[in-house]
Amino acid sequence: MSAKAEAAGLACKTTYAIAAAPWEAILNADKKQKCDAIVMASHGRRGVSALLLGSETQKVLTHSKLPVIVVR
């Protein structure tokens with residue numbers, strides 16, 4: 001991803017974290033890295049599974065104070 005961003009003339013920094021709860025690791029990383037926004041993927045669930053969605057993306061959306069861009 002960072003290579004594509006750099007090819008488009010955009011600054012991009014990637015990082016990773018390991019934790020029992022991925023959504024918490026994501027939010028901790030955004031604070032540590034002083035991010036402007038969070039970009040995440042969605043699995044695009046439909047029907048009942050979408051209603052019961054306990055996904056990490058949903059948890060980040062709920063708890064983040066930063067803008068969250070969800071890519072499907």
# chains A, B, ... in the order shown; residues from 1 in each chain; ligands from 1

$ select_by_dssp --residues "chain A" --states "helix (DSSP H, G or I)" --output "ChimeraX atom specification"
/A:2-7,22-33,48-51,56-63

$ write_last_selection --atoms "N, CA, C and O atoms" --output "short mmCIF file (atom, residue, chain, number, x, y, z; two decimals), in the first residue's frame"
data_model
loop_
_atom_site.label_atom_id
_atom_site.label_comp_id
_atom_site.auth_asym_id
_atom_site.auth_seq_id
_atom_site.Cartn_x
_atom_site.Cartn_y
_atom_site.Cartn_z
N SER A 2 1.90 1.29 0.79
CA SER A 2 2.71 2.50 0.86
C SER A 2 3.37 2.80 -0.47
O SER A 2 3.53 3.97 -0.83
N ALA A 3 3.73 1.78 -1.24
CA ALA A 3 4.34 2.01 -2.56
C ALA A 3 3.35 2.70 -3.50
O ALA A 3 3.73 3.60 -4.25
N LYS A 4 2.08 2.29 -3.45
CA LYS A 4 1.06 2.93 -4.28
C LYS A 4 0.83 4.37 -3.86
O LYS A 4 0.65 5.25 -4.70
N ALA A 5 0.84 4.62 -2.57
CA ALA A 5 0.66 5.99 -2.08
C ALA A 5 1.82 6.87 -2.52
O ALA A 5 1.62 7.98 -3.01
N GLU A 6 3.03 6.36 -2.35
CA GLU A 6 4.21 7.13 -2.75
C GLU A 6 4.23 7.38 -4.26
O GLU A 6 4.60 8.47 -4.70
N ALA A 7 3.80 6.40 -5.06
CA ALA A 7 3.73 6.57 -6.51
C ALA A 7 2.73 7.67 -6.89
O ALA A 7 2.90 8.34 -7.91
N PRO A 22 -7.88 -6.57 18.56
CA PRO A 22 -7.32 -5.77 17.46
C PRO A 22 -7.81 -4.33 17.42
O PRO A 22 -7.04 -3.43 17.13
N TRP A 23 -9.09 -4.10 17.74
CA TRP A 23 -9.60 -2.73 17.68
C TRP A 23 -8.90 -1.83 18.68
O TRP A 23 -8.62 -0.66 18.39
N GLU A 24 -8.54 -2.37 19.84
CA GLU A 24 -7.80 -1.58 20.82
C GLU A 24 -6.39 -1.29 20.34
O GLU A 24 -5.87 -0.20 20.54
N ALA A 25 -5.76 -2.27 19.71
CA ALA A 25 -4.42 -2.07 19.17
C ALA A 25 -4.43 -0.98 18.09
O ALA A 25 -3.52 -0.15 18.02
N ILE A 26 -5.48 -0.98 17.27
CA ILE A 26 -5.60 0.04 16.22
C ILE A 26 -5.73 1.42 16.84
O ILE A 26 -5.05 2.38 16.42
N LEU A 27 -6.58 1.57 17.84
CA LEU A 27 -6.77 2.87 18.48
C LEU A 27 -5.53 3.31 19.25
O LEU A 27 -5.20 4.51 19.27
N ASN A 28 -4.81 2.37 19.86
CA ASN A 28 -3.56 2.72 20.54
C ASN A 28 -2.51 3.17 19.53
O ASN A 28 -1.76 4.11 19.78
N ALA A 29 -2.46 2.50 18.39
CA ALA A 29 -1.49 2.86 17.36
C ALA A 29 -1.79 4.23 16.79
O ALA A 29 -0.87 5.01 16.50
N ASP A 30 -3.09 4.57 16.63
CA ASP A 30 -3.40 5.90 16.08
C ASP A 30 -2.94 7.01 17.02
O ASP A 30 -2.47 8.04 16.59
N LYS A 31 -3.03 6.78 18.32
CA LYS A 31 -2.55 7.78 19.28
C LYS A 31 -1.04 7.86 19.27
O LYS A 31 -0.47 8.95 19.27
N LYS A 32 -0.38 6.70 19.24
CA LYS A 32 1.09 6.66 19.26
C LYS A 32 1.67 7.31 18.01
O LYS A 32 2.66 8.03 18.07
N GLN A 33 1.05 7.06 16.86
CA GLN A 33 1.55 7.58 15.59
C GLN A 33 1.00 8.97 15.26
O GLN A 33 1.37 9.56 14.26
N VAL A 48 -28.53 -11.13 7.96
CA VAL A 48 -28.47 -11.33 9.41
C VAL A 48 -27.06 -11.13 9.93
O VAL A 48 -26.87 -10.55 11.00
N SER A 49 -26.05 -11.58 9.20
CA SER A 49 -24.68 -11.44 9.69
C SER A 49 -24.29 -9.97 9.82
O SER A 49 -23.49 -9.61 10.68
N ALA A 50 -24.87 -9.10 8.99
CA ALA A 50 -24.59 -7.66 9.12
C ALA A 50 -25.22 -7.11 10.40
O ALA A 50 -24.65 -6.23 11.06
N LEU A 51 -26.39 -7.61 10.76
CA LEU A 51 -27.05 -7.15 11.98
C LEU A 51 -26.30 -7.60 13.23
O LEU A 51 -26.30 -6.91 14.24
N GLU A 56 -14.26 -5.90 14.15
CA GLU A 56 -13.26 -4.96 14.62
C GLU A 56 -13.51 -3.59 14.01
O GLU A 56 -13.33 -2.56 14.68
N THR A 57 -13.94 -3.56 12.76
CA THR A 57 -14.24 -2.28 12.11
C THR A 57 -15.33 -1.54 12.87
O THR A 57 -15.22 -0.34 13.12
N GLN A 58 -16.38 -2.23 13.23
CA GLN A 58 -17.49 -1.61 13.97
C GLN A 58 -17.01 -1.08 15.32
O GLN A 58 -17.40 0.01 15.74
N LYS A 59 -16.15 -1.81 15.98
CA LYS A 59 -15.63 -1.37 17.28
C LYS A 59 -14.75 -0.14 17.13
O LYS A 59 -14.81 0.78 17.96
N VAL A 60 -13.94 -0.10 16.08
CA VAL A 60 -13.12 1.09 15.84
C VAL A 60 -14.02 2.28 15.53
O VAL A 60 -13.82 3.38 16.06
N LEU A 61 -15.03 2.08 14.69
CA LEU A 61 -15.97 3.16 14.37
C LEU A 61 -16.63 3.71 15.63
O LEU A 61 -16.82 4.92 15.77
N THR A 62 -16.99 2.83 16.53
CA THR A 62 -17.68 3.22 17.76
C THR A 62 -16.79 3.99 18.72
O THR A 62 -17.23 4.95 19.35
N HIS A 63 -15.52 3.59 18.82
CA HIS A 63 -14.65 4.14 19.86
C HIS A 63 -13.66 5.19 19.38
O HIS A 63 -13.03 5.87 20.20
#

$ select_by_dssp --residues "segment 2-52 of chain A" --states "strand (DSSP E or B)" --output "PyMOL selection string"
chain A and resi 38-41

$ atom_distance --atom1 "atom CA of Ile69 of chain A" --atom2 "atom CA of Val39 of chain A"
4.6 Å

$ atom_distance --atom1 "atom CA of Leu66 of chain A" --atom2 "atom CA of Ala41 of chain A"
16.0 Å

$ closest_residue --among "A:Ala8, A:Ala21, A:Pro67, A:Tyr16" --to "Cys35 of chain A" --atoms "only C-alpha atoms"
A:Pro67
